[in-house]
Amino acid sequence: EYGEAIFALAIVEFLGMFLCSMWNDPLVRTKYDLNKAYSSIFWLGGSLTLSLVLLLLLVIFTIAGNNLLFILVAVASIKVIASVWARPFVAQMRRDKNFKRLALRTLFGKLLGALVGILMVIQGIGPLAVIMQLVVMEVFSLVTLMYGNRHYITSKPDLSIFINISKEGIA
């Protein structure tokens, strides 16, 4: 059972690592209007990620005859979307050199995720516990970063900024 959870996470994390690394450093170095750049990555990057996740789920649904794998990948996909949504906030923290807050949100997210995972294992939930641990950790981190910083994503997204930042990050 746990092997299926790890397999589902590997599938989703491949997508997440590619997307997050594509936007992470270019957002820190961007010369564009920060609010527009952050809003563009949050909204357009989030939409692209959601579209890719839905496409991935469609492929898994048609190829795999395993409903458990489909469910595990669907739940794990929440982590990827939350991770992409967190990129603008992480970039701003890096620009501000606020590494202590970044470390604290990671620490508390891991503690909360571990608690949820352990409670789910005790309840006998199985492979979903492994995935929920990471999902809770990432969602907690996103909520923590967004708290008091939502103004970064209130600007209208700009497609040209999104494309330019994405081009820079693909390299």
# chains A, B, ... in the order shown; residues from 1 in each chain; ligands from 1
>>> residues_around(residues="Gly45 (chain A)", least_positions_apart="3", cutoff="9 Å", atoms="only C-alpha atoms", output="mmCIF file with all heavy atoms, in the first residue's frame")
data_model
loop_
_atom_site.group_PDB
_atom_site.id
_atom_site.type_symbol
_atom_site.label_atom_id
_atom_site.label_comp_id
_atom_site.auth_asym_id
_atom_site.auth_seq_id
_atom_site.Cartn_x
_atom_site.Cartn_y
_atom_site.Cartn_z
ATOM 1 N N LEU A 19 7.682 22.721 -12.234
ATOM 2 C CA LEU A 19 6.985 24.006 -12.262
ATOM 3 C C LEU A 19 7.539 24.978 -11.222
ATOM 4 O O LEU A 19 7.761 26.154 -11.528
ATOM 5 C CB LEU A 19 5.482 23.791 -12.052
ATOM 6 C CG LEU A 19 4.761 23.055 -13.174
ATOM 7 C CD1 LEU A 19 3.333 22.753 -12.780
ATOM 8 C CD2 LEU A 19 4.805 23.853 -14.465
ATOM 9 N N TRP A 23 9.674 28.756 -11.824
ATOM 10 C CA TRP A 23 9.238 30.096 -11.445
ATOM 11 C C TRP A 23 9.929 30.647 -10.207
ATOM 12 O O TRP A 23 9.882 31.849 -9.957
ATOM 13 C CB TRP A 23 7.726 30.104 -11.223
ATOM 14 C CG TRP A 23 6.967 29.860 -12.480
ATOM 15 C CD1 TRP A 23 7.206 30.403 -13.703
ATOM 16 C CD2 TRP A 23 5.843 29.005 -12.651
ATOM 17 N NE1 TRP A 23 6.301 29.938 -14.627
ATOM 18 C CE2 TRP A 23 5.450 29.078 -14.005
ATOM 19 C CE3 TRP A 23 5.113 28.186 -11.802
ATOM 20 C CZ2 TRP A 23 4.373 28.375 -14.525
ATOM 21 C CZ3 TRP A 23 4.043 27.478 -12.314
ATOM 22 C CH2 TRP A 23 3.681 27.573 -13.657
ATOM 23 N N SER A 40 0.691 37.275 -11.633
ATOM 24 C CA SER A 40 0.705 36.485 -12.868
ATOM 25 C C SER A 40 1.086 35.037 -12.598
ATOM 26 O O SER A 40 0.449 34.106 -13.105
ATOM 27 C CB SER A 40 1.680 37.100 -13.870
ATOM 28 O OG SER A 40 1.270 38.402 -14.212
ATOM 29 N N ILE A 41 2.110 34.828 -11.770
ATOM 30 C CA ILE A 41 2.515 33.460 -11.449
ATOM 31 C C ILE A 41 1.451 32.785 -10.603
ATOM 32 O O ILE A 41 1.124 31.613 -10.827
ATOM 33 C CB ILE A 41 3.885 33.439 -10.742
ATOM 34 C CG1 ILE A 41 4.978 33.962 -11.670
ATOM 35 C CG2 ILE A 41 4.221 32.035 -10.238
ATOM 36 C CD1 ILE A 41 5.143 33.181 -12.967
ATOM 37 N N PHE A 42 0.884 33.504 -9.650
ATOM 38 C CA PHE A 42 -0.136 32.910 -8.783
ATOM 39 C C PHE A 42 -1.350 32.465 -9.598
ATOM 40 O O PHE A 42 -1.768 31.310 -9.520
ATOM 41 C CB PHE A 42 -0.564 33.902 -7.698
ATOM 42 C CG PHE A 42 -1.529 33.329 -6.700
ATOM 43 C CD1 PHE A 42 -1.064 32.645 -5.599
ATOM 44 C CD2 PHE A 42 -2.903 33.481 -6.868
ATOM 45 C CE1 PHE A 42 -1.947 32.116 -4.665
ATOM 46 C CE2 PHE A 42 -3.789 32.951 -5.953
ATOM 47 C CZ PHE A 42 -3.313 32.266 -4.842
ATOM 48 N N LEU A 48 -2.374 27.038 -15.035
ATOM 49 C CA LEU A 48 -1.613 26.086 -15.842
ATOM 50 C C LEU A 48 -1.380 24.794 -15.055
ATOM 51 O O LEU A 48 -1.543 23.696 -15.588
ATOM 52 C CB LEU A 48 -0.280 26.690 -16.276
ATOM 53 C CG LEU A 48 0.646 25.752 -17.046
ATOM 54 C CD1 LEU A 48 0.032 25.366 -18.391
ATOM 55 C CD2 LEU A 48 2.006 26.394 -17.243
ATOM 56 N N THR A 49 -1.019 24.926 -13.799
ATOM 57 C CA THR A 49 -0.788 23.755 -12.955
ATOM 58 C C THR A 49 -2.058 22.934 -12.810
ATOM 59 O O THR A 49 -2.030 21.702 -12.925
ATOM 60 C CB THR A 49 -0.278 24.185 -11.569
ATOM 61 O OG1 THR A 49 0.901 24.968 -11.745
ATOM 62 C CG2 THR A 49 0.023 22.983 -10.694
ATOM 63 N N LEU A 50 -3.177 23.600 -12.565
ATOM 64 C CA LEU A 50 -4.452 22.892 -12.444
ATOM 65 C C LEU A 50 -4.787 22.164 -13.742
ATOM 66 O O LEU A 50 -5.224 21.005 -13.723
ATOM 67 C CB LEU A 50 -5.571 23.864 -12.069
ATOM 68 C CG LEU A 50 -6.949 23.261 -11.862
ATOM 69 C CD1 LEU A 50 -6.941 22.225 -10.743
ATOM 70 C CD2 LEU A 50 -7.963 24.351 -11.578
ATOM 71 N N VAL A 84 2.783 25.691 -6.018
ATOM 72 C CA VAL A 84 2.879 26.713 -7.073
ATOM 73 C C VAL A 84 2.288 28.027 -6.584
ATOM 74 O O VAL A 84 2.864 29.098 -6.803
ATOM 75 C CB VAL A 84 2.185 26.236 -8.369
ATOM 76 C CG1 VAL A 84 1.991 27.377 -9.348
ATOM 77 C CG2 VAL A 84 2.989 25.119 -9.003
ATOM 78 N N TRP A 85 1.164 27.969 -5.885
ATOM 79 C CA TRP A 85 0.563 29.194 -5.353
ATOM 80 C C TRP A 85 1.480 29.868 -4.332
ATOM 81 O O TRP A 85 1.427 31.083 -4.172
ATOM 82 C CB TRP A 85 -0.780 28.898 -4.716
ATOM 83 C CG TRP A 85 -1.899 28.778 -5.698
ATOM 84 C CD1 TRP A 85 -1.945 29.230 -6.980
ATOM 85 C CD2 TRP A 85 -3.166 28.173 -5.451
ATOM 86 N NE1 TRP A 85 -3.156 28.928 -7.552
ATOM 87 C CE2 TRP A 85 -3.928 28.285 -6.635
ATOM 88 C CE3 TRP A 85 -3.731 27.540 -4.356
ATOM 89 C CZ2 TRP A 85 -5.218 27.795 -6.737
ATOM 90 C CZ3 TRP A 85 -5.026 27.053 -4.461
ATOM 91 C CH2 TRP A 85 -5.760 27.183 -5.643
ATOM 92 N N PHE A 162 4.051 36.702 -17.393
ATOM 93 C CA PHE A 162 4.037 35.272 -17.081
ATOM 94 C C PHE A 162 4.881 34.487 -18.088
ATOM 95 O O PHE A 162 5.694 33.645 -17.715
ATOM 96 C CB PHE A 162 2.595 34.750 -17.080
ATOM 97 C CG PHE A 162 2.486 33.268 -16.903
ATOM 98 C CD1 PHE A 162 2.718 32.678 -15.668
ATOM 99 C CD2 PHE A 162 2.168 32.445 -17.973
ATOM 100 C CE1 PHE A 162 2.630 31.303 -15.507
ATOM 101 C CE2 PHE A 162 2.075 31.080 -17.822
ATOM 102 C CZ PHE A 162 2.305 30.508 -16.581
#
>>> residues_around(residues="Leu104 (chain A)", least_positions_apart="4", cutoff="12 Å", atoms="only C-alpha atoms", output="list in words")
Asn98, Phe99, Lys100, Phe108, Gly109, Lys110, Leu111, Phe140, Ser141, Thr144 and Leu145 of chain A
>>> write_last_selection(atoms="all heavy atoms", output="PDB file, in the first residue's frame")
ATOM      1  N   ASN A  98      13.955  37.130   4.565  1.00  0.00           N
ATOM      2  CA  ASN A  98      13.202  36.704   5.747  1.00  0.00           C
ATOM      3  C   ASN A  98      13.240  35.179   5.835  1.00  0.00           C
ATOM      4  O   ASN A  98      12.211  34.503   5.793  1.00  0.00           O
ATOM      5  CB  ASN A  98      11.763  37.220   5.659  1.00  0.00           C
ATOM      6  CG  ASN A  98      11.050  37.159   6.975  1.00  0.00           C
ATOM      7  OD1 ASN A  98      11.523  36.552   7.933  1.00  0.00           O
ATOM      8  ND2 ASN A  98       9.894  37.792   7.033  1.00  0.00           N
ATOM      9  N   PHE A  99      14.439  34.640   5.963  1.00  0.00           N
ATOM     10  CA  PHE A  99      14.626  33.197   5.954  1.00  0.00           C
ATOM     11  C   PHE A  99      14.129  32.550   7.249  1.00  0.00           C
ATOM     12  O   PHE A  99      13.761  31.384   7.251  1.00  0.00           O
ATOM     13  CB  PHE A  99      16.089  32.858   5.697  1.00  0.00           C
ATOM     14  CG  PHE A  99      16.569  33.379   4.377  1.00  0.00           C
ATOM     15  CD1 PHE A  99      17.493  34.408   4.309  1.00  0.00           C
ATOM     16  CD2 PHE A  99      16.067  32.863   3.188  1.00  0.00           C
ATOM     17  CE1 PHE A  99      17.925  34.895   3.086  1.00  0.00           C
ATOM     18  CE2 PHE A  99      16.493  33.345   1.958  1.00  0.00           C
ATOM     19  CZ  PHE A  99      17.420  34.359   1.915  1.00  0.00           C
ATOM     20  N   LYS A 100      14.113  33.323   8.323  1.00  0.00           N
ATOM     21  CA  LYS A 100      13.626  32.779   9.595  1.00  0.00           C
ATOM     22  C   LYS A 100      12.143  32.418   9.471  1.00  0.00           C
ATOM     23  O   LYS A 100      11.726  31.346   9.908  1.00  0.00           O
ATOM     24  CB  LYS A 100      13.844  33.784  10.725  1.00  0.00           C
ATOM     25  CG  LYS A 100      13.409  33.262  12.075  1.00  0.00           C
ATOM     26  CD  LYS A 100      13.702  34.273  13.168  1.00  0.00           C
ATOM     27  CE  LYS A 100      13.253  33.727  14.510  1.00  0.00           C
ATOM     28  NZ  LYS A 100      13.511  34.687  15.590  1.00  0.00           N
ATOM     29  N   PHE A 108       6.782  24.242  11.320  1.00  0.00           N
ATOM     30  CA  PHE A 108       5.440  24.021  11.848  1.00  0.00           C
ATOM     31  C   PHE A 108       4.570  23.241  10.869  1.00  0.00           C
ATOM     32  O   PHE A 108       3.728  22.445  11.280  1.00  0.00           O
ATOM     33  CB  PHE A 108       4.782  25.345  12.247  1.00  0.00           C
ATOM     34  CG  PHE A 108       5.401  25.946  13.475  1.00  0.00           C
ATOM     35  CD1 PHE A 108       5.976  27.207  13.426  1.00  0.00           C
ATOM     36  CD2 PHE A 108       5.447  25.247  14.671  1.00  0.00           C
ATOM     37  CE1 PHE A 108       6.562  27.760  14.549  1.00  0.00           C
ATOM     38  CE2 PHE A 108       6.030  25.789  15.805  1.00  0.00           C
ATOM     39  CZ  PHE A 108       6.591  27.058  15.743  1.00  0.00           C
ATOM     40  N   GLY A 109       4.776  23.448   9.592  1.00  0.00           N
ATOM     41  CA  GLY A 109       4.050  22.667   8.594  1.00  0.00           C
ATOM     42  C   GLY A 109       4.407  21.197   8.682  1.00  0.00           C
ATOM     43  O   GLY A 109       3.534  20.324   8.611  1.00  0.00           O
ATOM     44  N   LYS A 110       5.687  20.904   8.871  1.00  0.00           N
ATOM     45  CA  LYS A 110       6.113  19.504   9.004  1.00  0.00           C
ATOM     46  C   LYS A 110       5.567  18.875  10.276  1.00  0.00           C
ATOM     47  O   LYS A 110       5.151  17.712  10.265  1.00  0.00           O
ATOM     48  CB  LYS A 110       7.643  19.408   8.973  1.00  0.00           C
ATOM     49  CG  LYS A 110       8.204  19.622   7.601  1.00  0.00           C
ATOM     50  CD  LYS A 110       9.689  19.377   7.553  1.00  0.00           C
ATOM     51  CE  LYS A 110      10.143  19.628   6.113  1.00  0.00           C
ATOM     52  NZ  LYS A 110      11.295  18.883   5.742  1.00  0.00           N
ATOM     53  N   LEU A 111       5.555  19.634  11.361  1.00  0.00           N
ATOM     54  CA  LEU A 111       5.005  19.095  12.611  1.00  0.00           C
ATOM     55  C   LEU A 111       3.511  18.801  12.477  1.00  0.00           C
ATOM     56  O   LEU A 111       3.041  17.735  12.887  1.00  0.00           O
ATOM     57  CB  LEU A 111       5.255  20.073  13.761  1.00  0.00           C
ATOM     58  CG  LEU A 111       6.698  20.210  14.224  1.00  0.00           C
ATOM     59  CD1 LEU A 111       6.820  21.328  15.257  1.00  0.00           C
ATOM     60  CD2 LEU A 111       7.204  18.894  14.786  1.00  0.00           C
ATOM     61  N   PHE A 140      -0.650  24.167   4.853  1.00  0.00           N
ATOM     62  CA  PHE A 140      -0.352  24.993   6.026  1.00  0.00           C
ATOM     63  C   PHE A 140       0.688  26.052   5.681  1.00  0.00           C
ATOM     64  O   PHE A 140       0.550  27.216   6.063  1.00  0.00           O
ATOM     65  CB  PHE A 140       0.143  24.119   7.192  1.00  0.00           C
ATOM     66  CG  PHE A 140       0.561  24.924   8.384  1.00  0.00           C
ATOM     67  CD1 PHE A 140      -0.382  25.393   9.284  1.00  0.00           C
ATOM     68  CD2 PHE A 140       1.898  25.235   8.599  1.00  0.00           C
ATOM     69  CE1 PHE A 140       0.002  26.147  10.379  1.00  0.00           C
ATOM     70  CE2 PHE A 140       2.292  25.995   9.686  1.00  0.00           C
ATOM     71  CZ  PHE A 140       1.341  26.453  10.592  1.00  0.00           C
ATOM     72  N   SER A 141       1.709  25.664   4.950  1.00  0.00           N
ATOM     73  CA  SER A 141       2.747  26.614   4.548  1.00  0.00           C
ATOM     74  C   SER A 141       2.174  27.725   3.679  1.00  0.00           C
ATOM     75  O   SER A 141       2.507  28.899   3.852  1.00  0.00           O
ATOM     76  CB  SER A 141       3.865  25.889   3.798  1.00  0.00           C
ATOM     77  OG  SER A 141       4.528  25.007   4.644  1.00  0.00           O
ATOM     78  N   THR A 144       0.052  30.067   5.820  1.00  0.00           N
ATOM     79  CA  THR A 144       0.941  30.880   6.646  1.00  0.00           C
ATOM     80  C   THR A 144       1.573  31.999   5.820  1.00  0.00           C
ATOM     81  O   THR A 144       1.654  33.144   6.281  1.00  0.00           O
ATOM     82  CB  THR A 144       2.058  30.001   7.256  1.00  0.00           C
ATOM     83  OG1 THR A 144       1.455  28.979   8.025  1.00  0.00           O
ATOM     84  CG2 THR A 144       2.984  30.803   8.132  1.00  0.00           C
ATOM     85  N   LEU A 145       2.017  31.692   4.622  1.00  0.00           N
ATOM     86  CA  LEU A 145       2.631  32.705   3.769  1.00  0.00           C
ATOM     87  C   LEU A 145       1.615  33.750   3.306  1.00  0.00           C
ATOM     88  O   LEU A 145       1.939  34.934   3.182  1.00  0.00           O
ATOM     89  CB  LEU A 145       3.285  32.052   2.557  1.00  0.00           C
ATOM     90  CG  LEU A 145       4.552  31.256   2.839  1.00  0.00           C
ATOM     91  CD1 LEU A 145       4.947  30.458   1.612  1.00  0.00           C
ATOM     92  CD2 LEU A 145       5.681  32.166   3.270  1.00  0.00           C
TER      93      LEU A 145
END
>>> atom_distance(atom1="CA of Trp43 (chain A)", atom2="CA of Ile153 (chain A)")
7.9 Å
>>> atom_distance(atom1="CA of Leu68 (chain A)", atom2="CA of Pro127 (chain A)")
9.2 Å
>>> residues_around(residues="region 9-16 of chain A", least_positions_apart="5", cutoff="9 Å", atoms="only C-alpha atoms", output="PDB file with N, CA and C atoms, in the first residue's frame")
ATOM      1  N   GLU A   4       2.363   2.268  -3.287  1.00  0.00           N
ATOM      2  CA  GLU A   4       1.474   3.014  -4.187  1.00  0.00           C
ATOM      3  C   GLU A   4       1.446   4.487  -3.829  1.00  0.00           C
ATOM      4  N   SER A  21      10.506  25.026  -9.749  1.00  0.00           N
ATOM      5  CA  SER A  21      11.860  25.478 -10.069  1.00  0.00           C
ATOM      6  C   SER A  21      11.859  26.419 -11.269  1.00  0.00           C
ATOM      7  N   THR A  49      -1.019  24.926 -13.799  1.00  0.00           N
ATOM      8  CA  THR A  49      -0.788  23.755 -12.955  1.00  0.00           C
ATOM      9  C   THR A  49      -2.058  22.934 -12.810  1.00  0.00           C
ATOM     10  N   LEU A  52      -2.634  21.072 -16.020  1.00  0.00           N
ATOM     11  CA  LEU A  52      -1.719  19.936 -16.154  1.00  0.00           C
ATOM     12  C   LEU A  52      -2.091  18.803 -15.209  1.00  0.00           C
ATOM     13  N   VAL A  53      -2.535  19.141 -14.020  1.00  0.00           N
ATOM     14  CA  VAL A  53      -2.970  18.128 -13.057  1.00  0.00           C
ATOM     15  C   VAL A  53      -4.198  17.393 -13.588  1.00  0.00           C
ATOM     16  N   LEU A  56      -3.053  15.087 -16.269  1.00  0.00           N
ATOM     17  CA  LEU A  56      -2.383  13.958 -15.637  1.00  0.00           C
ATOM     18  C   LEU A  56      -3.398  12.968 -15.068  1.00  0.00           C
ATOM     19  N   LEU A  72      -5.061   8.618  -5.033  1.00  0.00           N
ATOM     20  CA  LEU A  72      -3.836   9.079  -4.400  1.00  0.00           C
ATOM     21  C   LEU A  72      -3.193  10.222  -5.186  1.00  0.00           C
ATOM     22  N   VAL A  73      -3.168  10.105  -6.503  1.00  0.00           N
ATOM     23  CA  VAL A  73      -2.598  11.169  -7.330  1.00  0.00           C
ATOM     24  C   VAL A  73      -3.473  12.424  -7.252  1.00  0.00           C
ATOM     25  N   ALA A  74      -4.784  12.241  -7.225  1.00  0.00           N
ATOM     26  CA  ALA A  74      -5.690  13.393  -7.133  1.00  0.00           C
ATOM     27  C   ALA A  74      -5.463  14.153  -5.833  1.00  0.00           C
ATOM     28  N   ALA A  76      -2.727  14.018  -3.898  1.00  0.00           N
ATOM     29  CA  ALA A  76      -1.352  14.541  -3.905  1.00  0.00           C
ATOM     30  C   ALA A  76      -1.228  15.774  -4.789  1.00  0.00           C
ATOM     31  N   SER A  77      -2.096  15.900  -5.766  1.00  0.00           N
ATOM     32  CA  SER A  77      -2.052  17.060  -6.658  1.00  0.00           C
ATOM     33  C   SER A  77      -2.350  18.357  -5.923  1.00  0.00           C
ATOM     34  N   LYS A  79      -1.068  19.220  -3.230  1.00  0.00           N
ATOM     35  CA  LYS A  79       0.248  19.689  -2.779  1.00  0.00           C
ATOM     36  C   LYS A  79       0.940  20.495  -3.872  1.00  0.00           C
ATOM     37  N   VAL A  80       0.860  20.018  -5.093  1.00  0.00           N
ATOM     38  CA  VAL A  80       1.525  20.715  -6.202  1.00  0.00           C
ATOM     39  C   VAL A  80       0.885  22.079  -6.438  1.00  0.00           C
ATOM     40  N   ILE A  81      -0.425  22.128  -6.429  1.00  0.00           N
ATOM     41  CA  ILE A  81      -1.117  23.397  -6.651  1.00  0.00           C
ATOM     42  C   ILE A  81      -0.786  24.386  -5.536  1.00  0.00           C
ATOM     43  N   SER A  83       1.858  24.385  -3.706  1.00  0.00           N
ATOM     44  CA  SER A  83       3.275  24.733  -3.841  1.00  0.00           C
ATOM     45  C   SER A  83       3.474  25.811  -4.902  1.00  0.00           C
ATOM     46  N   VAL A  84       2.783  25.691  -6.018  1.00  0.00           N
ATOM     47  CA  VAL A  84       2.879  26.713  -7.073  1.00  0.00           C
ATOM     48  C   VAL A  84       2.288  28.027  -6.584  1.00  0.00           C
ATOM     49  N   ILE A 131       0.393  10.598   1.950  1.00  0.00           N
ATOM     50  CA  ILE A 131       0.117  11.728   1.061  1.00  0.00           C
ATOM     51  C   ILE A 131      -0.473  12.906   1.832  1.00  0.00           C
TER      52      ILE A 131
END
>>> residues_around(residues="Lys167 (chain A)", least_positions_apart="4", cutoff="10 Å", atoms="only C-alpha atoms", output="number ranges by chain")
A: 22-23, 26, 161-163, 171
>>> write_last_selection(atoms="N, CA and C atoms", output="short mmCIF file (atom, residue, chain, number, x, y, z; two decimals), in the first residue's frame")
data_model
loop_
_atom_site.label_atom_id
_atom_site.label_comp_id
_atom_site.auth_asym_id
_atom_site.auth_seq_id
_atom_site.Cartn_x
_atom_site.Cartn_y
_atom_site.Cartn_z
N MET A 22 10.88 26.28 -12.13
CA MET A 22 10.79 27.15 -13.30
C MET A 22 10.47 28.59 -12.88
N TRP A 23 9.67 28.76 -11.82
CA TRP A 23 9.24 30.10 -11.45
C TRP A 23 9.93 30.65 -10.21
N PRO A 26 13.41 33.00 -11.05
CA PRO A 26 13.06 34.19 -11.84
C PRO A 26 12.16 35.17 -11.09
N ILE A 161 4.16 39.03 -18.89
CA ILE A 161 5.08 38.86 -17.77
C ILE A 161 5.18 37.38 -17.41
N PHE A 162 4.05 36.70 -17.39
CA PHE A 162 4.04 35.27 -17.08
C PHE A 162 4.88 34.49 -18.09
N ILE A 163 4.71 34.79 -19.36
CA ILE A 163 5.47 34.09 -20.41
C ILE A 163 6.96 34.39 -20.28
N ALA A 171 14.98 27.64 -18.83
CA ALA A 171 16.40 27.42 -19.07
C ALA A 171 17.04 26.81 -17.84
#
>>> residues_around(residues="Asn24 (chain A)", least_positions_apart="2", cutoff="8 Å", atoms="only C-alpha atoms", output="CSV table (one decimal) with N, CA and C atoms, in the first residue's frame")
chain,number,residue,atom,x,y,z
A,20,CYS,N,7.8,24.5,-10.0
A,20,CYS,CA,8.2,25.4,-9.0
A,20,CYS,C,9.7,25.9,-9.3
A,21,SER,N,10.5,25.0,-9.7
A,21,SER,CA,11.9,25.5,-10.1
A,21,SER,C,11.9,26.4,-11.3
A,22,MET,N,10.9,26.3,-12.1
A,22,MET,CA,10.8,27.1,-13.3
A,22,MET,C,10.5,28.6,-12.9
A,26,PRO,N,13.4,33.0,-11.1
A,26,PRO,CA,13.1,34.2,-11.8
A,26,PRO,C,12.2,35.2,-11.1
A,27,LEU,N,11.3,34.7,-10.2
A,27,LEU,CA,10.5,35.6,-9.4
A,27,LEU,C,11.3,36.4,-8.4
A,28,VAL,N,12.4,35.8,-7.9
A,28,VAL,CA,13.2,36.5,-6.9
A,28,VAL,C,14.0,37.6,-7.7
A,87,ARG,N,4.7,30.1,-4.5
A,87,ARG,CA,6.0,30.7,-5.1
A,87,ARG,C,6.1,32.2,-5.0
A,88,PRO,N,5.0,33.0,-5.3
A,88,PRO,CA,5.2,34.4,-5.1
A,88,PRO,C,5.6,34.8,-3.7
A,90,VAL,N,7.0,33.0,-1.3
A,90,VAL,CA,8.4,32.5,-1.0
A,90,VAL,C,9.4,33.4,-1.7
A,91,ALA,N,9.1,33.8,-2.9
A,91,ALA,CA,10.0,34.8,-3.6
A,91,ALA,C,10.2,36.1,-2.9
A,169,GLY,N,12.7,30.9,-16.6
A,169,GLY,CA,12.9,29.7,-15.7
A,169,GLY,C,13.0,28.4,-16.4
>>> decode(residues="region 91-105 of chain A", atoms="N, CA, C and O atoms", output="JSON list (two decimals), in the first residue's frame")
[["chain", "number", "residue", "atom", "x", "y", "z"],
["A", 91, "ALA", "N", 9.13, 33.85, -2.93],
["A", 91, "ALA", "CA", 10.03, 34.77, -3.62],
["A", 91, "ALA", "C", 10.15, 36.08, -2.87],
["A", 91, "ALA", "O", 11.26, 36.62, -2.72],
["A", 92, "GLN", "N", 9.04, 36.61, -2.39],
["A", 92, "GLN", "CA", 9.09, 37.86, -1.64],
["A", 92, "GLN", "C", 9.85, 37.69, -0.34],
["A", 92, "GLN", "O", 10.64, 38.56, 0.05],
["A", 93, "MET", "N", 9.66, 36.57, 0.34],
["A", 93, "MET", "CA", 10.41, 36.31, 1.57],
["A", 93, "MET", "C", 11.91, 36.22, 1.27],
["A", 93, "MET", "O", 12.72, 36.71, 2.04],
["A", 94, "ARG", "N", 12.25, 35.60, 0.16],
["A", 94, "ARG", "CA", 13.66, 35.52, -0.22],
["A", 94, "ARG", "C", 14.21, 36.89, -0.57],
["A", 94, "ARG", "O", 15.34, 37.22, -0.22],
["A", 95, "ARG", "N", 13.42, 37.71, -1.24],
["A", 95, "ARG", "CA", 13.85, 39.07, -1.58],
["A", 95, "ARG", "C", 14.07, 39.89, -0.31],
["A", 95, "ARG", "O", 14.99, 40.70, -0.23],
["A", 96, "ASP", "N", 13.20, 39.69, 0.68],
["A", 96, "ASP", "CA", 13.30, 40.41, 1.95],
["A", 96, "ASP", "C", 14.33, 39.79, 2.89],
["A", 96, "ASP", "O", 14.52, 40.29, 3.99],
["A", 97, "LYS", "N", 14.91, 38.67, 2.47],
["A", 97, "LYS", "CA", 15.85, 37.91, 3.30],
["A", 97, "LYS", "C", 15.22, 37.50, 4.64],
["A", 97, "LYS", "O", 15.86, 37.51, 5.68],
["A", 98, "ASN", "N", 13.95, 37.13, 4.57],
["A", 98, "ASN", "CA", 13.20, 36.70, 5.75],
["A", 98, "ASN", "C", 13.24, 35.18, 5.83],
["A", 98, "ASN", "O", 12.21, 34.50, 5.79],
["A", 99, "PHE", "N", 14.44, 34.64, 5.96],
["A", 99, "PHE", "CA", 14.63, 33.20, 5.95],
["A", 99, "PHE", "C", 14.13, 32.55, 7.25],
["A", 99, "PHE", "O", 13.76, 31.38, 7.25],
["A", 100, "LYS", "N", 14.11, 33.32, 8.32],
["A", 100, "LYS", "CA", 13.63, 32.78, 9.59],
["A", 100, "LYS", "C", 12.14, 32.42, 9.47],
["A", 100, "LYS", "O", 11.73, 31.35, 9.91],
["A", 101, "ARG", "N", 11.36, 33.29, 8.88],
["A", 101, "ARG", "CA", 9.93, 33.00, 8.72],
["A", 101, "ARG", "C", 9.72, 31.83, 7.77],
["A", 101, "ARG", "O", 8.84, 31.00, 8.00],
["A", 102, "LEU", "N", 10.52, 31.74, 6.71],
["A", 102, "LEU", "CA", 10.42, 30.60, 5.79],
["A", 102, "LEU", "C", 10.73, 29.30, 6.53],
["A", 102, "LEU", "O", 10.04, 28.29, 6.34],
["A", 103, "ALA", "N", 11.75, 29.33, 7.37],
["A", 103, "ALA", "CA", 12.11, 28.12, 8.12],
["A", 103, "ALA", "C", 11.04, 27.76, 9.14],
["A", 103, "ALA", "O", 10.70, 26.57, 9.30],
["A", 104, "LEU", "N", 10.47, 28.75, 9.81],
["A", 104, "LEU", "CA", 9.43, 28.47, 10.80],
["A", 104, "LEU", "C", 8.16, 27.90, 10.17],
["A", 104, "LEU", "O", 7.56, 26.96, 10.70],
["A", 105, "ARG", "N", 7.76, 28.44, 9.03],
["A", 105, "ARG", "CA", 6.57, 27.89, 8.37],
["A", 105, "ARG", "C", 6.81, 26.46, 7.92],
["A", 105, "ARG", "O", 5.93, 25.61, 7.98]]
